[in-house]
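**Q** This is the content of protein39.pdb (PDB, C-alpha atoms):
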```
ATOM      1  CA  MET A1051     -30.089   1.836  56.579
ATOM      2  CA  LYS A1052     -27.742  -0.914  57.546
ATOM      3  CA  ILE A1053     -26.692  -3.127  54.664
ATOM      4  CA  THR A1054     -26.952  -6.724  55.720
ATOM      5  CA  ARG A1055     -25.020  -9.509  54.098
ATOM      6  CA  LYS A1056     -28.210 -10.769  52.484
ATOM      7  CA  LEU A1057     -29.126  -7.345  51.065
ATOM      8  CA  PHE A1058     -25.591  -6.859  49.742
ATOM      9  CA  LEU A1059     -25.708 -10.167  47.902
ATOM     10  CA  GLN A1060     -29.152  -9.378  46.505
ATOM     11  CA  LEU A1061     -28.000  -5.968  45.252
ATOM     12  CA  SER A1062     -24.840  -7.317  43.613
ATOM     13  CA  GLY A1063     -26.861 -10.067  41.943
ATOM     14  CA  LEU A1064     -29.366  -7.562  40.605
ATOM     15  CA  SER A1065     -26.680  -5.227  39.264
ATOM     16  CA  LEU A1066     -24.922  -8.157  37.589
ATOM     17  CA  ILE A1067     -28.181  -9.113  35.855
ATOM     18  CA  ALA A1068     -28.672  -5.484  34.816
ATOM     19  CA  VAL A1069     -25.208  -5.303  33.254
ATOM     20  CA  ILE A1070     -25.702  -8.561  31.323
ATOM     21  CA  ALA A1071     -29.157  -7.488  30.143
ATOM     22  CA  ARG A1072     -27.765  -4.187  28.862
ATOM     23  CA  LYS A1073     -25.005  -5.978  26.955
ATOM     24  CA  LEU A1074     -27.534  -8.329  25.379
ATOM     25  CA  VAL A1075     -29.748  -5.461  24.290
ATOM     26  CA  ARG A1076     -26.846  -3.588  22.775
ATOM     27  CA  ALA A1077     -25.247  -6.556  21.016
ATOM     28  CA  PRO A1078     -27.505  -6.576  17.890
ATOM     29  CA  ALA A1079     -26.985  -2.847  17.466
ATOM     30  CA  ASN A1080     -23.200  -3.347  17.568
ATOM     31  CA  VAL A1081     -23.369  -6.102  14.965
ATOM     32  CA  ALA A1082     -25.377  -3.816  12.681
ATOM     33  CA  ALA A1083     -22.846  -1.036  13.164
ATOM     34  CA  SER A1084     -19.853  -3.270  12.400
ATOM     35  CA  GLU A1085     -21.588  -4.615   9.291
ATOM     36  CA  ALA A1086     -22.111  -1.078   8.071
ATOM     37  CA  ALA A1087     -18.426  -0.344   8.726
ATOM     38  CA  THR A1088     -17.185  -3.354   6.771
ATOM     39  CA  LYS A1089     -19.446  -2.462   3.861
ATOM     40  CA  SER A1090     -17.066   0.334   3.013
ATOM     41  CA  THR A1091     -14.462  -0.201   0.357
ATOM     42  CA  ARG A1092     -12.640  -2.966  -1.452
ATOM     43  CA  TRP A1093     -10.359  -1.618  -4.118
ATOM     44  CA  GLY A1094      -9.976  -3.707  -7.220
ATOM     45  CA  MET A1095      -8.834  -3.452 -10.794
ATOM     46  CA  ALA A1096      -9.944  -4.921 -14.095
ATOM     47  CA  ILE A1097      -7.510  -5.052 -17.013
ATOM     48  CA  ASP A1098      -8.989  -5.296 -20.492
ATOM     49  CA  LEU A1099      -6.428  -7.431 -22.312
ATOM     50  CA  GLN A1100      -7.885  -6.683 -25.727
ATOM     51  CA  LYS A1101      -7.570  -2.932 -25.273
ATOM     52  CA  CYS A1102      -4.155  -3.328 -23.661
ATOM     53  CA  ARG A1103      -2.884  -5.321 -26.650
ATOM     54  CA  GLN A1104      -3.859  -2.570 -29.093
ATOM     55  CA  LYS A1105      -0.666  -0.781 -28.271
ATOM     56  CA  ASP A1106       1.759  -3.560 -27.532
ATOM     57  CA  VAL A1107       4.747  -1.443 -26.818
ATOM     58  CA  CYS A1108       3.148   1.558 -25.171
ATOM     59  CA  GLY A1109       4.047   0.905 -21.523
ATOM     60  CA  ARG A1110       2.738   4.289 -20.389
ATOM     61  CA  CYS A1111       1.308   2.801 -17.210
ATOM     62  CA  ILE A1112       4.644   1.257 -16.319
ATOM     63  CA  LYS A1113       6.550   4.445 -17.020
ATOM     64  CA  ALA A1114       4.114   6.602 -15.047
ATOM     65  CA  CYS A1115       4.180   4.273 -12.051
ATOM     66  CA  HIS A1116       7.906   3.740 -11.981
ATOM     67  CA  ALA A1117       8.691   7.432 -12.403
ATOM     68  CA  ALA A1118       6.332   8.476  -9.603
ATOM     69  CA  HIS A1119       7.384   5.759  -7.171
ATOM     70  CA  ASN A1120      11.105   6.018  -7.824
ATOM     71  CA  VAL A1121      11.397   2.478  -9.134
ATOM     72  CA  PRO A1122      14.887   2.080 -10.581
ATOM     73  CA  GLN A1123      15.454   0.687 -14.060
ATOM     74  CA  ILE A1124      18.034  -2.023 -13.539
ATOM     75  CA  THR A1125      18.909  -3.987 -16.648
ATOM     76  CA  ASP A1126      20.354  -6.971 -14.776
ATOM     77  CA  ARG A1127      17.314  -9.248 -14.461
ATOM     78  CA  ALA A1128      18.590 -10.768 -11.231
ATOM     79  CA  HIS A1129      18.446  -7.349  -9.585
ATOM     80  CA  GLU A1130      15.505  -5.765 -11.363
ATOM     81  CA  ILE A1131      12.757  -3.954  -9.442
ATOM     82  CA  LYS A1132       9.203  -3.946 -10.784
ATOM     83  CA  TRP A1133       5.873  -2.675  -9.550
ATOM     84  CA  VAL A1134       3.990  -2.999 -12.816
ATOM     85  CA  TRP A1135       5.333  -5.091 -15.666
ATOM     86  CA  LYS A1136       4.409  -7.291 -18.619
ATOM     87  CA  GLN A1137       4.792 -11.006 -19.186
ATOM     88  CA  PRO A1138       3.713 -13.280 -22.048
ATOM     89  CA  PHE A1139       0.163 -14.654 -21.896
ATOM     90  CA  GLU A1140       1.252 -18.300 -21.703
ATOM     91  CA  ASP A1141       3.317 -17.607 -18.579
ATOM     92  CA  VAL A1142       0.538 -15.711 -16.859
ATOM     93  CA  PHE A1143      -2.406 -17.996 -17.671
ATOM     94  CA  PRO A1144      -0.843 -21.382 -18.496
ATOM     95  CA  PHE A1145      -4.180 -23.210 -18.127
ATOM     96  CA  ALA A1146      -6.414 -20.664 -19.801
ATOM     97  CA  GLN A1147      -5.423 -21.528 -23.332
ATOM     98  CA  THR A1148      -6.338 -24.143 -25.879
ATOM     99  CA  GLN A1149      -4.242 -25.443 -28.731
ATOM    100  CA  TYR A1150      -5.956 -22.911 -31.003
ATOM    101  CA  THR A1151      -5.650 -19.831 -28.840
ATOM    102  CA  ARG A1152      -2.029 -20.759 -28.218
ATOM    103  CA  ASP A1153      -1.001 -19.521 -31.657
ATOM    104  CA  VAL A1154      -2.969 -16.294 -31.370
ATOM    105  CA  PHE A1155      -1.946 -15.344 -27.876
ATOM    106  CA  ALA A1156       1.611 -16.684 -27.890
ATOM    107  CA  GLY A1157       3.809 -13.930 -26.521
ATOM    108  CA  ALA A1158       0.903 -11.524 -26.102
ATOM    109  CA  PRO A1159       1.922  -9.253 -23.232
ATOM    110  CA  VAL A1160      -0.198  -9.251 -20.094
ATOM    111  CA  LEU A1161       0.083  -6.440 -17.590
ATOM    112  CA  LEU A1162       0.959  -7.594 -14.101
ATOM    113  CA  LEU A1163       0.997  -5.956 -10.718
ATOM    114  CA  CYS A1164       0.446  -6.865  -7.086
ATOM    115  CA  ASN A1165      -2.943  -8.588  -6.853
ATOM    116  CA  HIS A1166      -3.785  -7.102  -3.457
ATOM    117  CA  CYS A1167      -5.186 -10.408  -2.293
ATOM    118  CA  ASP A1168      -8.050 -10.951   0.120
ATOM    119  CA  ASP A1169      -5.866 -13.306   2.104
ATOM    120  CA  PRO A1170      -2.327 -12.316   1.204
ATOM    121  CA  PRO A1171       0.283 -15.045   1.771
ATOM    122  CA  CYS A1172       2.988 -12.389   1.981
ATOM    123  CA  GLN A1173       1.308 -11.003   5.081
ATOM    124  CA  ASP A1174       1.179 -14.386   6.764
ATOM    125  CA  VAL A1175       4.882 -15.087   6.405
ATOM    126  CA  CYS A1176       6.298 -11.661   7.262
ATOM    127  CA  PRO A1177       8.070 -12.109  10.609
ATOM    128  CA  VAL A1178       8.068  -8.412  11.470
ATOM    129  CA  GLY A1179       4.606  -7.324  10.365
ATOM    130  CA  ALA A1180       6.004  -5.122   7.615
ATOM    131  CA  THR A1181       3.185  -6.026   5.262
ATOM    132  CA  TRP A1182      -0.509  -6.226   5.981
ATOM    133  CA  ARG A1183      -3.915  -5.986   4.359
ATOM    134  CA  ARG A1184      -5.759  -2.775   5.007
ATOM    135  CA  ASP A1185      -9.520  -2.644   5.538
ATOM    136  CA  ASP A1186      -9.968  -1.295   2.015
ATOM    137  CA  GLY A1187      -8.094  -4.263   0.533
ATOM    138  CA  VAL A1188      -4.777  -2.587  -0.217
ATOM    139  CA  VAL A1189      -1.867  -4.793   0.787
ATOM    140  CA  MET A1190       0.419  -2.255   2.370
ATOM    141  CA  MET A1191       4.103  -2.358   3.132
ATOM    142  CA  ASP A1192       6.022  -0.509   5.776
ATOM    143  CA  PHE A1193       9.480  -0.077   4.306
ATOM    144  CA  HIS A1194      10.721   1.081   7.712
ATOM    145  CA  ARG A1195       9.982  -2.276   9.250
ATOM    146  CA  CYS A1196      11.161  -4.544   6.423
ATOM    147  CA  ILE A1197      14.264  -6.485   7.413
ATOM    148  CA  GLY A1198      14.808  -7.900   3.934
ATOM    149  CA  CYS A1199      14.339 -11.580   4.796
ATOM    150  CA  ARG A1200      12.475 -12.122   1.474
ATOM    151  CA  TYR A1201       9.990 -14.605   2.944
ATOM    152  CA  CYS A1202       7.235 -12.568   1.290
ATOM    153  CA  MET A1203       8.912 -12.969  -2.080
ATOM    154  CA  ALA A1204       8.947 -16.714  -1.629
ATOM    155  CA  ALA A1205       5.330 -16.728  -0.472
ATOM    156  CA  CYS A1206       3.861 -14.481  -3.175
ATOM    157  CA  PRO A1207       2.491 -16.782  -5.888
ATOM    158  CA  TYR A1208       2.510 -13.957  -8.428
ATOM    159  CA  GLY A1209       6.111 -12.751  -8.240
ATOM    160  CA  SER A1210       4.895  -9.288  -7.382
ATOM    161  CA  ARG A1211       7.694  -8.438  -5.025
ATOM    162  CA  SER A1212      11.212  -7.242  -5.730
ATOM    163  CA  PHE A1213      14.258  -7.045  -3.518
ATOM    164  CA  ASN A1214      16.727  -4.196  -3.514
ATOM    165  CA  TRP A1215      20.041  -5.947  -3.937
ATOM    166  CA  GLN A1216      21.742  -2.610  -4.390
ATOM    167  CA  ASP A1217      21.180   1.021  -3.516
ATOM    168  CA  PRO A1218      18.442   2.040  -5.965
ATOM    169  CA  ARG A1219      19.374   5.712  -6.095
ATOM    170  CA  PRO A1220      22.252   5.511  -8.592
ATOM    171  CA  ALA A1221      19.920   3.594 -10.955
ATOM    172  CA  LEU A1222      17.284   6.337 -10.896
ATOM    173  CA  SER A1223      17.508   8.777 -13.749
ATOM    174  CA  GLN A1224      15.251  11.206 -11.922
ATOM    175  CA  VAL A1225      13.999  11.217  -8.344
ATOM    176  CA  ASN A1226      10.430  12.195  -7.539
ATOM    177  CA  SER A1227      10.946  14.081  -4.291
ATOM    178  CA  ASP A1228       7.342  13.519  -3.188
ATOM    179  CA  PHE A1229       7.848   9.776  -2.780
ATOM    180  CA  PRO A1230      10.669   8.119  -0.856
ATOM    181  CA  THR A1231      13.128   5.889  -2.616
ATOM    182  CA  ARG A1232      13.953   2.590  -0.996
ATOM    183  CA  THR A1233      17.277   1.430   0.309
ATOM    184  CA  LYS A1234      19.456  -1.616  -0.096
ATOM    185  CA  GLY A1235      18.041  -4.701   1.637
ATOM    186  CA  VAL A1236      14.343  -3.799   1.452
ATOM    187  CA  VAL A1237      11.559  -5.548  -0.426
ATOM    188  CA  GLU A1238       9.083  -3.472  -2.407
ATOM    189  CA  LYS A1239       5.951  -3.858  -4.500
ATOM    190  CA  CYS A1240       2.969  -2.023  -5.955
ATOM    191  CA  ASN A1241       0.982  -0.142  -3.297
ATOM    192  CA  PHE A1242      -2.143   0.445  -5.444
ATOM    193  CA  CYS A1243      -1.121   4.122  -5.295
ATOM    194  CA  GLU A1244      -2.378   4.346  -1.735
ATOM    195  CA  GLU A1245      -0.876   7.836  -1.489
ATOM    196  CA  ARG A1246      -3.204   8.842  -4.329
ATOM    197  CA  LEU A1247      -6.203   6.934  -2.974
ATOM    198  CA  ALA A1248      -5.838   9.032   0.174
ATOM    199  CA  ARG A1249      -6.406  12.092  -2.032
ATOM    200  CA  LYS A1250      -9.361  10.417  -3.809
ATOM    201  CA  LEU A1251      -7.377   9.902  -7.012
ATOM    202  CA  SER A1252      -7.149   6.758  -9.129
ATOM    203  CA  PRO A1253      -3.879   4.859  -9.389
ATOM    204  CA  LEU A1254      -1.388   6.307 -11.834
ATOM    205  CA  CYS A1255      -1.410   3.337 -14.197
ATOM    206  CA  VAL A1256      -5.164   3.751 -14.628
ATOM    207  CA  GLU A1257      -4.793   7.428 -15.392
ATOM    208  CA  ALA A1258      -1.848   6.932 -17.711
ATOM    209  CA  CYS A1259      -3.629   4.425 -19.953
ATOM    210  CA  GLU A1260      -4.859   6.158 -23.091
ATOM    211  CA  GLU A1261      -6.853   3.130 -24.227
ATOM    212  CA  LYS A1262      -8.733   3.117 -20.915
ATOM    213  CA  ALA A1263      -7.845  -0.553 -20.602
ATOM    214  CA  LEU A1264      -7.624  -0.371 -16.814
ATOM    215  CA  VAL A1265     -10.766   0.000 -14.724
ATOM    216  CA  PHE A1266     -10.275   0.767 -11.070
ATOM    217  CA  GLY A1267     -12.908   1.007  -8.404
ATOM    218  CA  ASP A1268     -14.678  -0.222  -5.344
ATOM    219  CA  LEU A1269     -15.742  -3.848  -5.603
ATOM    220  CA  GLU A1270     -18.160  -3.384  -2.698
ATOM    221  CA  GLN A1271     -20.246  -0.779  -4.525
ATOM    222  CA  PRO A1272     -22.713  -2.469  -6.901
ATOM    223  CA  ASP A1273     -22.955   0.636  -9.090
ATOM    224  CA  SER A1274     -19.202   1.233  -9.484
ATOM    225  CA  ALA A1275     -17.624   1.061 -12.943
ATOM    226  CA  ILE A1276     -15.596  -2.005 -12.061
ATOM    227  CA  ARG A1277     -18.606  -3.929 -10.775
ATOM    228  CA  LYS A1278     -20.531  -3.108 -13.952
ATOM    229  CA  THR A1279     -17.581  -4.253 -16.060
ATOM    230  CA  LEU A1280     -17.139  -7.477 -14.115
ATOM    231  CA  GLY A1281     -20.878  -8.073 -14.201
ATOM    232  CA  SER A1282     -21.041  -7.849 -17.968
ATOM    233  CA  ARG A1283     -17.831  -9.503 -19.141
ATOM    234  CA  PHE A1284     -15.966 -12.716 -18.489
ATOM    235  CA  ALA A1285     -12.963 -12.149 -16.276
ATOM    236  CA  LEU A1286     -10.005 -14.273 -15.225
ATOM    237  CA  ARG A1287      -7.959 -14.035 -12.083
ATOM    238  CA  ARG A1288      -4.457 -15.358 -11.662
ATOM    239  CA  LYS A1289      -4.212 -18.670  -9.786
ATOM    240  CA  PRO A1290      -7.629 -18.457  -8.100
ATOM    241  CA  GLU A1291      -7.221 -22.083  -6.992
ATOM    242  CA  LEU A1292      -4.725 -20.988  -4.353
ATOM    243  CA  GLY A1293      -7.459 -19.180  -2.464
ATOM    244  CA  SER A1294      -5.527 -15.976  -1.979
ATOM    245  CA  GLY A1295      -8.363 -14.014  -3.584
ATOM    246  CA  PRO A1296      -6.680 -11.603  -6.006
ATOM    247  CA  SER A1297      -8.471  -8.311  -6.612
ATOM    248  CA  VAL A1298      -6.972  -7.813 -10.083
ATOM    249  CA  TYR A1299      -9.230  -9.177 -12.836
ATOM    250  CA  TYR A1300      -8.354  -9.798 -16.477
ATOM    251  CA  LEU A1301     -11.049  -9.235 -19.082
ATOM    252  CA  THR A1302     -10.467 -11.567 -21.976
TER     253      THR A1302
ATOM    254  CA  MET B 427      10.776  19.737  19.820
ATOM    255  CA  ARG B 428      14.530  19.426  20.279
ATOM    256  CA  ALA B 429      14.061  16.856  23.033
ATOM    257  CA  SER B 430      11.225  14.804  21.630
ATOM    258  CA  HIS B 431      11.166  15.229  17.862
ATOM    259  CA  MET B 432      11.994  11.552  17.502
ATOM    260  CA  ARG B 433       8.753  10.651  19.274
ATOM    261  CA  LEU B 434       6.765  12.943  17.016
ATOM    262  CA  LEU B 435       8.360  11.443  13.913
ATOM    263  CA  ASP B 436       7.730   7.941  15.189
ATOM    264  CA  GLU B 437       4.066   8.679  15.928
ATOM    265  CA  TRP B 438       3.525  10.416  12.608
ATOM    266  CA  ARG B 439       5.087   7.528  10.760
ATOM    267  CA  ALA B 440       2.805   5.021  12.513
ATOM    268  CA  ASP B 441      -0.211   7.249  11.866
ATOM    269  CA  VAL B 442       0.463   7.630   8.164
ATOM    270  CA  VAL B 443       1.713   4.164   7.261
ATOM    271  CA  ASP B 444      -0.406   2.092   9.600
ATOM    272  CA  GLY B 445      -3.367   4.246  10.499
ATOM    273  CA  GLN B 446      -3.993   6.110   7.238
ATOM    274  CA  ASN B 447      -4.219   9.280   9.273
ATOM    275  CA  ARG B 448      -2.282  11.911   7.376
ATOM    276  CA  GLN B 449      -3.350  15.176   8.941
ATOM    277  CA  TYR B 450      -2.221  16.706  12.193
ATOM    278  CA  VAL B 451      -4.421  19.354  13.770
ATOM    279  CA  ALA B 452      -2.403  21.673  15.983
ATOM    280  CA  TYR B 453      -3.679  23.307  19.183
ATOM    281  CA  ASN B 454      -4.657  26.416  17.223
ATOM    282  CA  GLY B 455      -6.632  24.466  14.660
ATOM    283  CA  LYS B 456      -3.963  24.684  11.973
ATOM    284  CA  VAL B 457      -3.780  21.511   9.906
ATOM    285  CA  TYR B 458      -0.434  20.024   8.976
ATOM    286  CA  ASP B 459       0.451  17.215   6.622
ATOM    287  CA  LYS B 460       2.205  14.458   8.590
ATOM    288  CA  SER B 461       5.250  14.468   6.359
ATOM    289  CA  LEU B 462       8.919  14.718   7.173
ATOM    290  CA  THR B 463       9.949  16.024   3.788
ATOM    291  CA  ARG B 464       6.975  18.246   2.999
ATOM    292  CA  THR B 465       6.106  19.620   6.438
ATOM    293  CA  CYS B 466       9.275  19.613   8.574
ATOM    294  CA  LEU B 467      11.745  20.213   5.781
ATOM    295  CA  GLY B 468       9.214  22.316   3.894
ATOM    296  CA  CYS B 469      10.006  25.206   6.256
ATOM    297  CA  HIS B 470      13.365  24.138   7.688
ATOM    298  CA  GLY B 471      14.565  23.810   4.153
ATOM    299  CA  SER B 472      17.925  22.205   4.708
ATOM    300  CA  ARG B 473      18.788  18.811   6.053
ATOM    301  CA  GLN B 474      22.338  19.967   6.802
ATOM    302  CA  GLU B 475      21.124  22.886   8.936
ATOM    303  CA  PHE B 476      18.069  21.289  10.481
ATOM    304  CA  CYS B 477      19.154  17.723  11.168
ATOM    305  CA  ASP B 478      22.834  17.116  10.634
ATOM    306  CA  ARG B 479      24.133  20.107  12.573
ATOM    307  CA  CYS B 480      22.830  18.945  15.963
ATOM    308  CA  HIS B 481      23.195  15.283  15.249
ATOM    309  CA  SER B 482      26.866  15.535  14.386
ATOM    310  CA  TYR B 483      27.620  18.041  17.181
ATOM    311  CA  ASN B 484      26.088  15.663  19.735
ATOM    312  CA  GLY B 485      27.659  12.625  18.153
ATOM    313  CA  VAL B 486      24.238  11.043  17.718
ATOM    314  CA  ALA B 487      24.271   8.633  14.852
ATOM    315  CA  ALA B 488      21.248   9.797  12.936
ATOM    316  CA  PRO B 489      18.658   7.217  12.078
ATOM    317  CA  ASN B 490      18.795   6.479   8.401
ATOM    318  CA  CYS B 491      15.836   8.653   7.348
ATOM    319  CA  TRP B 492      17.643  10.070   4.364
ATOM    320  CA  GLU B 493      18.616   6.761   2.852
ATOM    321  CA  CYS B 494      15.062   6.636   1.506
ATOM    322  CA  HIS B 495      13.396   9.970   2.129
ATOM    323  CA  ASN B 496      14.426  12.666  -0.245
ATOM    324  CA  ALA B 497      16.119  15.595   1.425
ATOM    325  CA  PRO B 498      15.672  18.951  -0.258
ATOM    326  CA  PRO B 499      18.664  19.823  -2.441
ATOM    327  CA  ALA B 500      21.663  20.821  -0.349
ATOM    328  CA  VAL B 501      22.008  24.557   0.186
ATOM    329  CA  ARG B 502      25.274  26.342   0.712
ATOM    330  CA  ASN B 503      25.829  27.560   4.258
ATOM    331  CA  THR B 504      25.281  31.288   4.523
ATOM    332  CA  PRO B 505      28.421  32.910   5.870
TER     333      PRO B 505
END
```
Will you turn the file into structure tokens for me?
**A**
Amino acid sequence: MKITRKLFLQLSGLSLIAVIARKLVRAPANVAASEAATKSTRWGMAIDLQKCRQKDVCGRCIKACHAAHNVPQITDRAHEIKWVWKQPFEDVFPFAQTQYTRDVFAGAPVLLLCNHCDDPPCQDVCPVGATWRRDDGVVMMDFHRCIGCRYCMAACPYGSRSFNWQDPRPALSQVNSDFPTRTKGVVEKCNFCEERLARKLSPLCVEACEEKALVFGDLEQPDSAIRKTLGSRFALRRKPELGSGPSVYYLT
Amino acid sequence: MRASHMRLLDEWRADVVDGQNRQYVAYNGKVYDKSLTRTCLGCHGSRQEFCDRCHSYNGVAAPNCWECHNAPPAVRNTP
């Protein structure tokens, strides 16, 4: 059969319609599939301040984290490195107090760590893509890529990032060989123990806490421990007005 | 491996840090952890023997892996 110009045009038109129709039919199925994929995980943490205060000076979580992640103990505050640390209540929640609670909570230590924001400002400012938010909500860092410009430190509203002004190795009393140290000129922060999450383990600070003051879990799962806790108790987040969407909650 | 180990390390690094893909399945089905210190240096136990020897002989300035990654403790060269 000889293909005439007219027949050719008719055939190409028909096949074009067929392709578009197939796409249209498949589109709703794709949307359903992507919705199912996003309904996976969103890691979050709730810190029970009352339980945490019971042992003011314990600091087990900090010690466990810093030992495992090779975080050096530098006494000079200008050079200090911190992944998990404590700060007085009035500095952390300046607007969450009244004149009466001020006396009670003055100086009460509050545990701080990277908030693993929904919309992390540190990610937006990084010029080399060394920090990004993973699908499960962990704000990751690639130490290889970090050029040490410290934009992220300026952008982070929570002061969760530290800069290595010096080689951290001499300041480490013991090196955990399973986790790399960092080097001079690199920014670092809490990674929500992503190396442990990969092995289906909770973060170290959560495990180290004897008072069980830290609850870790998946905020997307309605039956997870953290969702039940947040559903039953009043919780604060740090600077929610900024819209960064922290995933660390404080139970008052 | 001698010619393209840098590519392997680069790909593994991207897989682990960026892609959360930590396991490498070899052609024979054997599964390896994508880790410089645990997998590569786990068998080739010495940085001096396994990395530095070739790198210094060829005058190739090594990338600064060991400024952060922890090399296994230095072993004395066997005579």
**Q** Report as lines of an AutoDock Vina configuration file the centre and the edge lengths, in Å to one decimal, of the axis-aligned box holding every listed atom of range 1167-1172 of chain A, padded by 6 Å on each side.
**A**
```
center_x = -2.5
center_y = -12.7
center_z = -0.1
size_x = 23.0
size_y = 16.6
size_z = 16.4
```
**Q** Which chain A residues have any atom within 8 Å of an atom of chain B, and for each, what is the nearest pair of atoms with distance in Å to one decimal, counting only C-alpha atoms, rows sorted by chain and number, as a tab-separated table?
**A**
```
residue	atom	partner	partner_atom	distance
A:Asp1192	CA	B:Val443	CA	6.5
A:Ser1227	CA	B:Asn496	CA	5.5
A:Asp1228	CA	B:Asn496	CA	7.7
A:Phe1229	CA	B:His495	CA	7.4
A:Pro1230	CA	B:His495	CA	4.4
A:Thr1231	CA	B:Cys494	CA	4.6
A:Arg1232	CA	B:Cys494	CA	4.9
A:Thr1233	CA	B:Cys494	CA	5.8
A:Ala1248	CA	B:Gln446	CA	7.9
```
**Q** Go ahead and compute the interatomic distance for CA of Glu1238 in chain A and CA of Gly1094 in chain A, in Å to one decimal.
**A**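 Computing it gives 19.7 Å between the two atoms.
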**Q** May I have the residues within 12 Å of Glu1291 in chain A as a PyMOL selection string, using only C-alpha atoms and disregarding those fewer than 4 positions away in the same chain?
**A** chain A and resi 1145+1207+1286-1287+1295-1296
**Q** So which residues get picked by the PyMOL selection byres ((chain A and resi 1284) around 10) here, written as JSON, numbers by chain?
**A** {"A": [1279, 1280, 1281, 1282, 1283, 1285, 1286, 1299, 1300, 1301, 1302]}
**Q** Could you give me, as a short mmCIF file (atom, residue, chain, number, x, y, z; two decimals) with C-alpha atoms, in the frame of the given file, the residues within 9 Å of Ser472 in chain B, counting all atoms listed in the file and dropping anything in the same chain fewer than 2 positions from it?
**A**
```
data_model
loop_
_atom_site.label_atom_id
_atom_site.label_comp_id
_atom_site.auth_asym_id
_atom_site.auth_seq_id
_atom_site.Cartn_x
_atom_site.Cartn_y
_atom_site.Cartn_z
CA LEU B 467 11.74 20.21 5.78
CA GLY B 468 9.21 22.32 3.89
CA CYS B 469 10.01 25.21 6.26
CA HIS B 470 13.36 24.14 7.69
CA GLN B 474 22.34 19.97 6.80
CA GLU B 475 21.12 22.89 8.94
CA PHE B 476 18.07 21.29 10.48
CA CYS B 477 19.15 17.72 11.17
CA ALA B 497 16.12 15.60 1.42
CA PRO B 498 15.67 18.95 -0.26
CA PRO B 499 18.66 19.82 -2.44
CA ALA B 500 21.66 20.82 -0.35
CA VAL B 501 22.01 24.56 0.19
#
```
**Q** Give me the residues within 12 Å of Val1107 in chain A as a ChimeraX atom specification, counting all atoms listed in the file and dropping any in the same chain fewer than 5 places off.
**A** /A:1102,1112-1113,1135-1136,1158-1161
**Q** Just to confirm, what's the straight-line distance from CA of Arg1200 in chain A to CA of Phe1213 in chain A in Å (one decimal)?
**A**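 Answer for the CA of Arg1200 in chain A to CA of Phe1213 in chain A separation: 7.3 Å.
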**Q** Using the chain letters and residue numbers of this document, give as number ranges by chain the residues selected by the PyMOL selection byres ((chain A and resi 1132) around 8).
**A** A: 1116, 1121, 1130-1131, 1133-1135, 1210-1212, 1239
**Q** One decimal, in Å: what's the spacing between CA of Asp1153 in chain A and CA of Val1298 in chain A?
**A**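 Computing it gives 25.3 Å between the two atoms.
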**Q** Could you list the residues chosen by the PyMOL selection byres ((chain A and resi 1173-1185) around 12) in this structure as number ranges by chain?
**A** A: 1087-1093, 1165-1172, 1186-1206, 1211, 1236-1242, 1244, 1270, 1294; B: 440, 443-446
**Q** At the level of N, CA and C atoms, write range 436-446 of chain B to a file as a compact mmCIF listing (two decimals), in the first residue's frame, please.
**A**
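What landed in out02.txt:
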```
# COMPACT_ATOMS: atom_id res chain seq x y z
N ASP B 436 34.59 7.85 44.53
CA ASP B 436 33.73 9.01 44.29
C ASP B 436 32.27 8.58 44.21
N GLU B 437 32.03 7.47 43.48
CA GLU B 437 30.65 6.99 43.33
C GLU B 437 30.10 6.49 44.67
N TRP B 438 30.91 5.78 45.40
CA TRP B 438 30.47 5.27 46.70
C TRP B 438 30.12 6.42 47.64
N ARG B 439 30.97 7.42 47.62
CA ARG B 439 30.74 8.58 48.49
C ARG B 439 29.39 9.23 48.15
N ALA B 440 29.15 9.44 46.84
CA ALA B 440 27.88 10.05 46.43
C ALA B 440 26.72 9.17 46.83
N ASP B 441 26.89 7.84 46.65
CA ASP B 441 25.80 6.92 46.99
C ASP B 441 25.46 6.99 48.46
N VAL B 442 26.48 6.98 49.30
CA VAL B 442 26.24 6.91 50.74
C VAL B 442 25.72 8.25 51.27
N VAL B 443 26.44 9.33 50.94
CA VAL B 443 26.10 10.62 51.53
C VAL B 443 24.82 11.19 50.92
N ASP B 444 24.71 11.09 49.61
CA ASP B 444 23.60 11.73 48.93
C ASP B 444 22.43 10.78 48.71
N GLY B 445 22.74 9.54 48.35
CA GLY B 445 21.68 8.63 47.94
C GLY B 445 21.20 7.67 49.01
N GLN B 446 21.82 7.68 50.17
CA GLN B 446 21.47 6.77 51.26
C GLN B 446 21.52 5.31 50.81
```
